[in-house]
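Asks: Structure supplied as target.txt; contents: compact mmCIF, C-alpha atoms and all ligand atoms.
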```
# COMPACT_ATOMS: atom_id res chain seq x y z
CA MET A 1 2.90 -1.51 -15.73
CA ASN A 2 5.64 -3.96 -14.77
CA ILE A 3 6.69 -3.19 -11.22
CA LEU A 4 9.77 -4.50 -9.45
CA LEU A 5 9.16 -4.89 -5.71
CA THR A 6 12.41 -5.21 -3.82
CA GLY A 7 11.65 -6.83 -0.46
CA GLY A 8 8.36 -7.97 -1.96
CA ALA A 9 8.26 -11.12 0.21
CA GLY A 10 8.11 -8.97 3.36
CA TYR A 11 5.07 -7.87 5.34
CA ILE A 12 4.19 -4.70 3.42
CA GLY A 13 5.63 -5.81 0.05
CA SER A 14 3.57 -9.02 -0.05
CA HIS A 15 0.31 -7.14 0.56
CA THR A 16 1.29 -4.51 -2.00
CA ALA A 17 2.09 -7.09 -4.69
CA ILE A 18 -1.43 -8.45 -4.33
CA GLU A 19 -3.07 -5.01 -4.58
CA LEU A 20 -0.92 -4.13 -7.61
CA ILE A 21 -1.92 -7.30 -9.44
CA GLU A 22 -5.57 -6.78 -8.52
CA ALA A 23 -5.29 -3.25 -9.97
CA GLY A 24 -4.07 -4.74 -13.30
CA HIS A 25 -0.29 -4.33 -12.95
CA ASN A 26 2.41 -7.02 -13.18
CA ALA A 27 4.70 -7.63 -10.21
CA VAL A 28 8.25 -8.97 -10.15
CA ILE A 29 9.80 -9.64 -6.73
CA ALA A 30 13.45 -9.53 -5.61
CA ASP A 31 14.08 -10.62 -2.02
CA ASN A 32 16.85 -12.55 -0.27
CA PHE A 33 14.61 -13.77 2.60
CA VAL A 34 16.81 -12.11 5.21
CA ASN A 35 13.56 -11.35 7.06
CA SER A 36 11.01 -13.54 5.24
CA ASN A 37 10.78 -17.00 3.70
CA PRO A 38 9.69 -18.82 0.54
CA SER A 39 6.33 -19.95 1.93
CA ILE A 40 5.15 -16.32 1.77
CA VAL A 41 5.64 -16.30 -1.98
CA LYS A 42 3.73 -19.58 -2.27
CA ARG A 43 0.82 -18.11 -0.31
CA MET A 44 0.81 -14.91 -2.36
CA ASN A 45 0.57 -17.02 -5.51
CA GLU A 46 -2.36 -18.92 -3.97
CA ILE A 47 -4.21 -15.69 -3.11
CA ILE A 48 -3.69 -14.18 -6.54
CA GLY A 49 -4.06 -17.42 -8.58
CA GLN A 50 -0.88 -16.84 -10.59
CA THR A 51 2.86 -17.28 -10.21
CA ILE A 52 4.59 -14.00 -9.48
CA PRO A 53 8.13 -13.93 -10.98
CA PHE A 54 10.50 -14.17 -8.02
CA TYR A 55 14.29 -13.69 -7.68
CA ASN A 56 16.16 -14.76 -4.55
CA ILE A 57 18.86 -12.09 -4.68
CA ASP A 58 20.48 -9.48 -2.49
CA VAL A 59 19.33 -6.18 -3.96
CA ALA A 60 22.79 -4.74 -3.28
CA ASP A 61 24.21 -7.27 -5.78
CA VAL A 62 24.48 -5.19 -8.95
CA ALA A 63 25.07 -8.12 -11.31
CA ALA A 64 22.11 -10.11 -9.98
CA LEU A 65 19.87 -7.05 -10.17
CA ASP A 66 21.02 -6.36 -13.72
CA GLU A 67 19.86 -9.83 -14.74
CA VAL A 68 16.37 -9.13 -13.38
CA PHE A 69 16.17 -5.89 -15.39
CA CYS A 70 17.43 -7.75 -18.50
CA LYS A 71 14.75 -10.44 -18.14
CA HIS A 72 11.85 -8.06 -17.46
CA LYS A 73 11.01 -4.69 -18.93
CA ILE A 74 10.60 -2.89 -15.60
CA ASP A 75 8.60 0.37 -15.66
CA ALA A 76 8.89 1.32 -12.00
CA VAL A 77 10.41 0.15 -8.73
CA ILE A 78 8.97 0.02 -5.24
CA HIS A 79 11.87 -0.31 -2.84
CA PHE A 80 10.77 -2.12 0.33
CA ALA A 81 14.00 -4.08 0.88
CA GLY A 82 15.63 -2.99 4.08
CA LEU A 83 16.34 -4.06 7.62
CA LYS A 84 13.82 -2.54 10.03
CA ALA A 85 14.51 -3.60 13.63
CA VAL A 86 15.02 -0.28 15.40
CA GLY A 87 16.69 -1.74 18.52
CA GLU A 88 19.07 -3.93 16.50
CA SER A 89 20.03 -0.90 14.41
CA VAL A 90 21.22 0.82 17.59
CA GLN A 91 23.34 -2.24 18.48
CA ILE A 92 24.70 -2.97 14.98
CA PRO A 93 24.51 0.31 13.06
CA VAL A 94 26.96 -0.65 10.30
CA LYS A 95 24.79 -3.63 9.31
CA TYR A 96 21.82 -1.26 8.84
CA TYR A 97 23.71 1.44 6.97
CA ARG A 98 25.38 -1.20 4.77
CA ASN A 99 22.22 -3.07 3.86
CA ASN A 100 19.74 -0.23 3.51
CA ILE A 101 21.98 2.25 1.72
CA ASP A 102 23.91 -0.20 -0.48
CA SER A 103 20.72 -1.81 -1.75
CA THR A 104 19.38 1.63 -2.68
CA LEU A 105 22.58 2.67 -4.49
CA SER A 106 22.75 -0.59 -6.47
CA LEU A 107 19.15 -0.16 -7.46
CA LEU A 108 19.73 3.40 -8.63
CA GLU A 109 22.74 2.33 -10.73
CA ILE A 110 20.84 -0.45 -12.45
CA MET A 111 17.72 1.66 -12.94
CA ALA A 112 19.87 4.31 -14.67
CA LYS A 113 21.43 1.66 -16.90
CA HIS A 114 17.98 0.43 -17.96
CA ASN A 115 16.36 3.87 -18.21
CA VAL A 116 13.89 3.28 -15.40
CA HIS A 117 12.96 6.54 -13.73
CA THR A 118 10.08 5.85 -11.36
CA PHE A 119 11.00 5.10 -7.76
CA ILE A 120 8.63 4.60 -4.82
CA PHE A 121 10.44 4.42 -1.50
CA SER A 122 9.35 2.88 1.82
CA SER A 123 10.19 5.69 4.18
CA SER A 124 8.88 6.14 7.68
CA ALA A 125 7.33 8.63 10.08
CA THR A 126 10.51 8.21 12.14
CA VAL A 127 12.19 10.76 9.82
CA TYR A 128 10.18 13.46 11.64
CA GLY A 129 12.31 12.76 14.72
CA ASN A 130 11.26 13.82 18.17
CA MET A 131 11.16 17.61 17.92
CA ASN A 132 8.04 18.22 15.83
CA ASN A 133 4.49 19.16 16.78
CA ILE A 134 1.61 16.91 15.80
CA PRO A 135 0.14 16.16 13.37
CA TYR A 136 3.24 15.50 11.26
CA ILE A 137 3.06 17.27 7.93
CA GLU A 138 5.36 16.63 4.98
CA ASN A 139 6.92 20.10 4.82
CA MET A 140 8.09 19.94 8.44
CA HIS A 141 11.76 19.86 9.25
CA VAL A 142 13.04 16.27 9.33
CA GLY A 143 15.95 14.95 11.42
CA HIS A 144 16.69 14.46 15.11
CA CYS A 145 16.22 10.77 14.35
CA SER A 146 16.25 8.38 17.28
CA SER A 147 18.03 5.37 15.69
CA PRO A 148 20.42 4.40 12.89
CA TYR A 149 17.41 2.73 11.25
CA ALA A 150 15.61 6.07 11.07
CA TRP A 151 18.75 7.79 9.77
CA THR A 152 18.99 5.25 6.92
CA LYS A 153 15.49 6.32 5.86
CA LEU A 154 16.39 10.00 5.98
CA PHE A 155 19.71 9.51 4.17
CA ILE A 156 18.00 7.51 1.44
CA GLU A 157 15.38 10.27 1.06
CA GLN A 158 18.30 12.68 0.54
CA ILE A 159 20.06 10.38 -1.96
CA LEU A 160 16.87 10.12 -3.99
CA ALA A 161 16.37 13.90 -3.92
CA ASP A 162 19.97 14.42 -5.11
CA VAL A 163 19.49 11.99 -8.00
CA ALA A 164 16.20 13.59 -9.01
CA ALA A 165 17.79 17.07 -8.88
CA VAL A 166 20.08 16.24 -11.81
CA ASN A 167 17.73 13.93 -13.68
CA SER A 168 14.62 15.67 -14.93
CA ASP A 169 13.06 12.35 -16.00
CA PHE A 170 13.12 11.07 -12.45
CA SER A 171 9.94 10.64 -10.45
CA VAL A 172 10.28 9.76 -6.77
CA VAL A 173 7.62 9.30 -4.14
CA LEU A 174 8.85 9.01 -0.55
CA LEU A 175 6.07 7.24 1.31
CA ARG A 176 6.30 7.97 5.02
CA TYR A 177 4.45 5.12 6.69
CA PHE A 178 2.94 5.55 10.12
CA ASN A 179 2.18 2.29 12.03
CA PRO A 180 1.23 -0.51 9.61
CA VAL A 181 -0.79 -3.28 11.28
CA GLY A 182 -3.36 -5.94 10.40
CA ALA A 183 -3.21 -8.65 7.79
CA HIS A 184 -4.75 -9.74 4.51
CA PRO A 185 -8.44 -10.62 5.01
CA SER A 186 -7.76 -14.12 3.61
CA GLY A 187 -5.72 -14.83 6.76
CA LYS A 188 -2.95 -16.28 4.55
CA ILE A 189 -0.37 -13.50 4.88
CA GLY A 190 0.43 -11.16 7.74
CA GLU A 191 3.14 -9.86 10.02
CA ASN A 192 5.55 -12.55 11.22
CA PRO A 193 8.08 -11.15 13.67
CA ASN A 194 11.09 -13.20 14.76
CA GLY A 195 11.11 -14.08 18.45
CA ILE A 196 9.26 -11.92 20.97
CA PRO A 197 7.59 -9.05 19.12
CA ASN A 198 8.63 -5.46 19.81
CA ASN A 199 5.55 -3.88 18.26
CA LEU A 200 2.20 -3.54 19.93
CA PHE A 201 -0.14 -5.43 17.57
CA PRO A 202 1.86 -8.65 17.20
CA TYR A 203 2.54 -8.57 20.95
CA ILE A 204 -1.17 -8.28 21.77
CA SER A 205 -2.11 -11.07 19.40
CA GLN A 206 0.51 -13.38 20.94
CA VAL A 207 -0.93 -12.59 24.38
CA ALA A 208 -4.41 -13.31 23.03
CA ILE A 209 -3.36 -16.74 21.72
CA GLY A 210 -1.57 -17.58 24.97
CA LYS A 211 2.03 -17.53 23.75
CA LEU A 212 2.80 -14.56 25.99
CA ALA A 213 1.33 -14.14 29.46
CA GLU A 214 0.40 -10.46 29.45
CA LEU A 215 0.92 -7.19 27.65
CA LYS A 216 3.30 -4.76 29.29
CA ILE A 217 2.06 -1.24 28.63
CA PHE A 218 5.05 1.08 28.49
CA GLY A 219 3.92 3.99 30.64
CA ASN A 220 0.57 5.56 31.55
CA ASP A 221 1.95 8.94 32.53
CA TYR A 222 2.31 10.50 29.08
CA PRO A 223 0.50 13.77 28.34
CA THR A 224 -2.12 11.92 26.26
CA LYS A 225 -5.86 11.38 26.77
CA ASP A 226 -5.38 8.30 29.00
CA GLY A 227 -1.64 8.54 29.70
CA THR A 228 -0.60 5.76 27.28
CA GLY A 229 1.26 6.31 24.01
CA VAL A 230 -0.69 7.38 20.93
CA ARG A 231 0.08 6.28 17.35
CA ASP A 232 -1.50 6.41 13.91
CA TYR A 233 -2.18 2.74 13.08
CA ILE A 234 -2.95 1.99 9.45
CA HIS A 235 -4.27 -1.28 8.00
CA VAL A 236 -1.64 -2.88 5.78
CA VAL A 237 -4.17 -3.35 2.95
CA ASP A 238 -4.96 0.38 2.97
CA LEU A 239 -1.22 1.04 2.99
CA ALA A 240 -0.75 -1.33 0.04
CA LYS A 241 -3.46 0.50 -1.94
CA GLY A 242 -1.61 3.75 -1.16
CA HIS A 243 1.35 2.33 -3.13
CA VAL A 244 -0.85 1.65 -6.16
CA ALA A 245 -2.07 5.25 -6.02
CA ALA A 246 1.50 6.55 -5.56
CA LEU A 247 2.69 4.60 -8.57
CA GLU A 248 -0.05 5.92 -10.78
CA TYR A 249 0.76 9.46 -9.58
CA ALA A 250 4.51 8.99 -10.15
CA GLU A 251 3.95 7.86 -13.73
CA LYS A 252 2.36 11.22 -14.55
CA HIS A 253 4.67 13.54 -12.59
CA LYS A 254 8.38 14.27 -12.25
CA GLY A 255 10.44 15.32 -9.24
CA VAL A 256 10.27 14.26 -5.60
CA GLU A 257 7.27 14.20 -3.29
CA ALA A 258 7.20 13.03 0.32
CA ILE A 259 3.74 11.75 1.25
CA ASN A 260 2.44 10.51 4.60
CA LEU A 261 0.51 7.25 4.62
CA GLY A 262 -1.52 7.12 7.80
CA THR A 263 -5.16 7.49 8.80
CA GLY A 264 -4.78 10.89 10.46
CA THR A 265 -6.21 9.51 13.72
CA GLY A 266 -4.22 8.66 16.82
CA TYR A 267 -5.20 5.81 19.14
CA SER A 268 -3.76 5.07 22.57
CA VAL A 269 -2.45 1.70 23.73
CA LEU A 270 -5.56 1.33 25.91
CA ASP A 271 -7.79 2.10 22.88
CA ILE A 272 -6.09 -0.78 21.04
CA VAL A 273 -6.46 -3.19 23.96
CA LYS A 274 -10.16 -2.32 24.33
CA THR A 275 -10.94 -2.57 20.61
CA PHE A 276 -9.02 -5.85 20.28
CA GLU A 277 -10.97 -7.31 23.22
CA GLN A 278 -14.38 -6.14 21.97
CA THR A 279 -13.87 -7.05 18.31
CA ASN A 280 -12.49 -10.50 18.99
CA ASN A 281 -14.33 -11.26 22.21
CA ILE A 282 -11.13 -12.11 24.02
CA LYS A 283 -9.45 -10.78 27.15
CA ILE A 284 -5.98 -9.18 27.01
CA PRO A 285 -4.34 -9.22 30.44
CA TYR A 286 -2.00 -6.29 30.87
CA GLN A 287 0.24 -4.57 33.37
CA ILE A 288 1.48 -0.98 33.35
CA VAL A 289 5.28 -0.81 33.45
CA SER A 290 7.73 2.04 33.03
CA ARG A 291 8.18 3.95 29.78
CA ARG A 292 10.23 2.40 26.96
CA ALA A 293 13.42 4.36 26.24
CA GLY A 294 13.17 6.52 23.14
CA ASP A 295 9.34 6.45 22.86
CA ILE A 296 7.47 9.59 21.84
CA ALA A 297 4.20 10.31 23.66
CA GLU A 298 1.96 10.90 20.68
CA TYR A 299 2.10 11.30 16.93
CA TYR A 300 -0.15 10.92 13.94
CA ALA A 301 -0.19 12.05 10.34
CA ASP A 302 -1.61 14.98 8.51
CA VAL A 303 -3.08 13.07 5.58
CA SER A 304 -4.30 15.91 3.38
CA LYS A 305 -1.41 15.67 0.90
CA ALA A 306 -2.13 12.00 0.14
CA LEU A 307 -5.75 12.86 -0.56
CA LEU A 308 -4.83 15.84 -2.72
CA LEU A 309 -2.09 14.24 -4.82
CA LEU A 310 -2.98 10.55 -4.76
CA ASN A 311 -6.72 10.76 -4.27
CA TRP A 312 -6.16 8.10 -1.61
CA LYS A 313 -7.23 7.80 1.97
CA ALA A 314 -7.30 4.93 4.44
CA LYS A 315 -10.74 3.30 4.71
CA LYS A 316 -10.37 0.50 7.22
CA THR A 317 -11.27 0.96 10.88
CA LEU A 318 -9.42 0.05 14.04
CA ALA A 319 -11.86 -2.86 14.44
CA ASP A 320 -10.87 -4.10 10.95
CA MET A 321 -7.20 -3.94 12.00
CA CYS A 322 -7.90 -5.91 15.20
CA ARG A 323 -10.12 -8.49 13.46
CA ASP A 324 -7.67 -9.17 10.62
CA THR A 325 -4.69 -9.36 12.99
CA TRP A 326 -6.53 -11.95 15.06
CA ARG A 327 -7.64 -14.00 12.03
CA TRP A 328 -4.02 -14.15 10.81
CA GLN A 329 -2.80 -15.12 14.30
CA THR A 330 -5.40 -17.87 14.85
CA GLN A 331 -4.96 -19.36 11.37
CA ASN A 332 -1.15 -19.27 11.71
CA PRO A 333 -0.29 -19.61 15.41
CA ASP A 334 3.37 -20.24 14.56
CA GLY A 335 3.58 -17.83 11.64
CA TYR A 336 4.79 -19.12 8.28
CA GLU A 337 6.11 -22.65 7.88
CA LYS A 338 9.89 -22.46 7.40
P1 LIG A 401 9.91 -6.83 6.22
O1 LIG A 401 11.18 -7.11 6.95
O2 LIG A 401 8.76 -7.72 6.46
O3 LIG A 401 10.20 -6.78 4.65
C1 LIG A 401 11.42 -6.35 4.10
C2 LIG A 401 11.86 -7.41 3.10
O4 LIG A 401 13.09 -6.99 2.51
C3 LIG A 401 12.10 -8.78 3.74
O5 LIG A 401 11.38 -9.76 3.02
C4 LIG A 401 13.61 -8.98 3.61
O6 LIG A 401 13.93 -10.33 3.42
C5 LIG A 401 13.94 -8.12 2.40
N1 LIG A 401 15.31 -7.59 2.34
C6 LIG A 401 15.97 -6.83 3.26
N2 LIG A 401 17.19 -6.52 2.80
C7 LIG A 401 17.31 -7.07 1.56
C8 LIG A 401 18.33 -7.08 0.57
N3 LIG A 401 19.49 -6.46 0.76
N4 LIG A 401 18.09 -7.73 -0.59
C9 LIG A 401 16.92 -8.36 -0.80
N5 LIG A 401 15.91 -8.39 0.09
C10 LIG A 401 16.12 -7.74 1.26
O7 LIG A 401 9.52 -5.31 6.52
P2 LIG A 401 8.17 -4.54 6.18
O8 LIG A 401 7.46 -4.27 7.47
O9 LIG A 401 7.45 -5.19 5.06
O10 LIG A 401 8.78 -3.16 5.72
C11 LIG A 401 9.04 -2.87 4.35
C12 LIG A 401 9.77 -1.56 4.27
O11 LIG A 401 8.98 -0.55 4.89
C13 LIG A 401 11.13 -1.56 4.99
O12 LIG A 401 12.03 -0.78 4.24
C14 LIG A 401 10.80 -0.88 6.30
O13 LIG A 401 11.92 -0.22 6.85
C15 LIG A 401 9.73 0.12 5.88
N6 LIG A 401 8.84 0.52 6.98
C16 LIG A 401 8.20 -0.44 7.71
C17 LIG A 401 7.38 -0.06 8.78
C18 LIG A 401 6.70 -1.10 9.64
O14 LIG A 401 6.27 -0.75 10.75
N7 LIG A 401 6.53 -2.34 9.20
C19 LIG A 401 7.20 1.30 9.07
C20 LIG A 401 7.85 2.26 8.29
C21 LIG A 401 8.67 1.85 7.24
N1 LIG A 402 3.78 -0.54 23.38
C1 LIG A 402 3.50 -1.08 24.62
N2 LIG A 402 3.84 -2.39 24.86
C2 LIG A 402 4.44 -3.17 23.93
C3 LIG A 402 4.71 -2.62 22.65
C4 LIG A 402 4.39 -1.29 22.42
O1 LIG A 402 2.96 -0.40 25.49
O2 LIG A 402 4.74 -4.35 24.21
C5 LIG A 402 3.39 0.85 23.09
C6 LIG A 402 4.57 1.77 22.75
O3 LIG A 402 5.12 2.33 23.93
C7 LIG A 402 3.91 2.80 21.84
C8 LIG A 402 2.81 2.00 21.12
O4 LIG A 402 2.57 0.85 21.94
O5 LIG A 402 3.28 3.82 22.60
C9 LIG A 402 3.22 1.53 19.72
O6 LIG A 402 4.47 0.84 19.82
P1 LIG A 402 5.09 0.12 18.55
O7 LIG A 402 6.40 -0.48 19.00
O8 LIG A 402 4.10 -0.82 17.96
O9 LIG A 402 5.31 1.28 17.49
P2 LIG A 402 6.30 2.55 17.53
O10 LIG A 402 6.56 2.91 18.96
O11 LIG A 402 7.53 2.10 16.81
O12 LIG A 402 5.59 3.63 16.81
```
Could you write out this file's structure as structure tokens?
Replies:
Amino acid sequence: MNILLTGGAGYIGSHTAIELIEAGHNAVIADNFVNSNPSIVKRMNEIIGQTIPFYNIDVADVAALDEVFCKHKIDAVIHFAGLKAVGESVQIPVKYYRNNIDSTLSLLEIMAKHNVHTFIFSSSATVYGNMNNIPYIENMHVGHCSSPYAWTKLFIEQILADVAAVNSDFSVVLLRYFNPVGAHPSGKIGENPNGIPNNLFPYISQVAIGKLAELKIFGNDYPTKDGTGVRDYIHVVDLAKGHVAALEYAEKHKGVEAINLGTGTGYSVLDIVKTFEQTNNIKIPYQIVSRRAGDIAEYYADVSKALLLLNWKAKKTLADMCRDTWRWQTQNPDGYEK
């Protein structure tokens, strides 16, 4: 199949493009580098040993998108393109609604014009909000979102459901990611946050390499096994393979399915620190500080639906996640060259 990956130069899209090509599909990428850069595409081409067709366009630009669909016979789309900084979305909500929703609407218009009916969407566990019991299961009520970013994901899920409701050819898979971490085992591509990282794994690896002095653990008084926050971390390569499985499922089915992509296991912040230290034989200095506003104590996925429908489950361990994160960090101490 020929797959268009919007946002395919980003962290998850770049890993997915590689897994798709390794599974025998063709990838075409559309990305405007708003949160990535051209050297990622160069490195992807090196890993895969071929040149992936690439378009530097804003996915919200209908005319530019139309050209891509005219040049390539696209069979399905995986829509990664979106802004994802939760804190920034609280400060500048219009930017997030504009980018994330407009890009989706433009894509839907051009897909309809070119009779493309298969849509895989990068959704997020944040759509479960802060009112649900754990583990999160797909048929739970969604909403009570904690940021404009999370609302964009939920609104886009609704838009896609509305489109599918009146278009019986449409096949949509809403992939609700838990916490993607790690990097490609080659060490050539990985997560490259701008400035000081907000997320735990990139923060720990920058402490490990000496760019940051110590990890600040946001609270040890949560009702969890050791008092620190618990999340379902999933290796980005497992996550990427989940997209290949979702695509193959979507080709054979119609309608809308929301599917969790996680491991089903929750680990605490202290679990991560300990495993990172043991796996990489390096010390992570840390200090306990107060809770971070908006954080939930603990959540992880129910992963039975992914196994049932996609015949997919995550295989990599927490040690794999820590080892690959560290390899990426040591081989690229300053991230990608600009
Ligand atoms: P990322 O920022 O690394 O990748 C997103 C890519 O989309 C970037 O390369 C960016 O340049 C591009 N982009 C954004 N808006 C665009 C536009 N209008 N036109 C063209 N390109 C555009 O993020 P990621 O971590 O790879 O996440 C991919 C998707 O998965 C996002 O939609 C994100 O919200 C979602 N998601 C990510 C996580 C996570 O923790 N990383 C968790 C849940 C969901
Ligand atoms: N966390 C932390 N220190 C940091 C970053 C994160 O203690 O510098 C904790 C955070 O409170 C949460 C867990 O690590 O319990 C995962 O946080 P992350 O931001 O990576 O993911 P999210 O909270 O968005 O699921």
Asks: Quick one: residues within 6 Å of ligand LIG 402 (chain A), with only C-alpha atoms and all ligand atoms, as a PyMOL selection string?
Replies: chain A and resi 198-200+203+215-218+229-230+269+292+295
Asks: Which neighbours of Asn56 of chain A fall inside 9 Å, counting all atoms listed in the file, when residues of the same chain fewer than 3 positions from it are skipped, and could you give them as a VMD selection string?
Replies: chain A and resid 29 to 33
Asks: I'd like a table as a tab-separated table: residues in segment 51-94 of chain A with an atom no more than 6 Å from segment 110-120 of chain A, each row giving the shortest atom pair and its distance in Å to one decimal, only C-alpha atoms counted, sorted by chain and rising residue number.
Replies:
```
residue	atom	partner	partner_atom	distance
A:Ala76	CA	A:Thr118	CA	4.7
A:Val77	CA	A:Phe119	CA	5.1
A:Ile78	CA	A:Ile120	CA	4.6
```
Asks: Could you check the closest approach to Ser268 of chain A for each of A:Pro148, A:Pro223, A:Gly242, A:Gly210 and tell me which residue wins, using only C-alpha atoms?
Replies: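 Using only C-alpha atoms, Ser268 of chain A sits closest to A:Pro223.
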Asks: Pick out the residues no farther than 9 Å from ligand LIG 401 (chain A), counting only C-alpha atoms and all ligand atoms, and list them as an NGL selection string.
Replies: :A and (6-15 or 30-37 or 56-61 or 79-85 or 98-100 or 102-104 or 121-126 or 149-150 or 152-153 or 175-181 or 191-193 or 199 or 236)
Asks: Atom CA of Ile137 of chain A and atom CA of Asn260 of chain A, how far apart in Å?
Replies: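 Going from atom CA of Asn260 of chain A over to atom CA of Ile137 of chain A, I get 7.6 Å.
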Asks: Please determine, counting all atoms listed in the file, which residue among A:Val273, A:Ala183, A:Met44, A:Leu261 has the shortest atom-to-atom distance to Ala301 of chain A.
Replies: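 The shortest atom-to-atom distance to Ala301 of chain A comes from A:Leu261.
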Asks: I need the residue nearest Val90 of chain A from this list: A:Ile52, A:Phe201, A:Gly294, A:Leu270. Use all atoms listed in the file for the distance.
Replies: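 Among A:Ile52, A:Phe201, A:Gly294, A:Leu270, it is A:Gly294 that comes nearest to Val90 of chain A.
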Asks: Pick out the residues sitting within 12 Å of Leu308 of chain A, and hand them over as a ChimeraX atom specification; count all atoms listed in the file, and ignore anything fewer than 5 positions along from it in its own chain.
Replies: /A:245-246,249,259-260,302-303,313
Asks: Could you tell me how far atom CA of Gly227 of chain A sits from atom CA of Trp328 of chain A, in Å to one decimal place?
Replies: 29.6 Å
Asks: Which residue, A:Asp232, A:His141, A:Tyr96, A:Leu5, has the smallest gap to Tyr55 of chain A when you use all atoms listed in the file?
Replies: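 When distances to Tyr55 of chain A are compared using all atoms listed in the file, the smallest one comes from A:Leu5.
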Asks: How far is it from atom CA of Arg43 of chain A to atom CA of Tyr336 of chain A, in Å with one decimal?
Replies: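 Computing it gives 9.5 Å between the two atoms.
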Asks: Restricting the calculation to only C-alpha atoms, which member of A:Ile284, A:Leu65, A:Leu318, A:Ala306 is positioned closest to Ser205 of chain A?
Replies: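 Going through A:Ile284, A:Leu65, A:Leu318, A:Ala306 one by one, the smallest distance to Ser205 of chain A is for A:Ile284.
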Asks: So that I can check the surroundings of Trp326 of chain A, please list as a ChimeraX atom specification every protein, DNA and RNA residue that reaches within 10 Å of it, counting all atoms listed in the file and ignoring chain neighbours fewer than 2 positions away.
Replies: /A:182-183,187,201-202,204-206,208-209,276,279-280,320-324,328-333
Asks: Have a look at A:Pro185, A:Gly264, A:Gly143, A:Gly129 and name the one nearest to Ile296 of chain A; count only C-alpha atoms.
Replies: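 Of the candidates, the smallest distance to Ile296 of chain A is held by A:Gly129.
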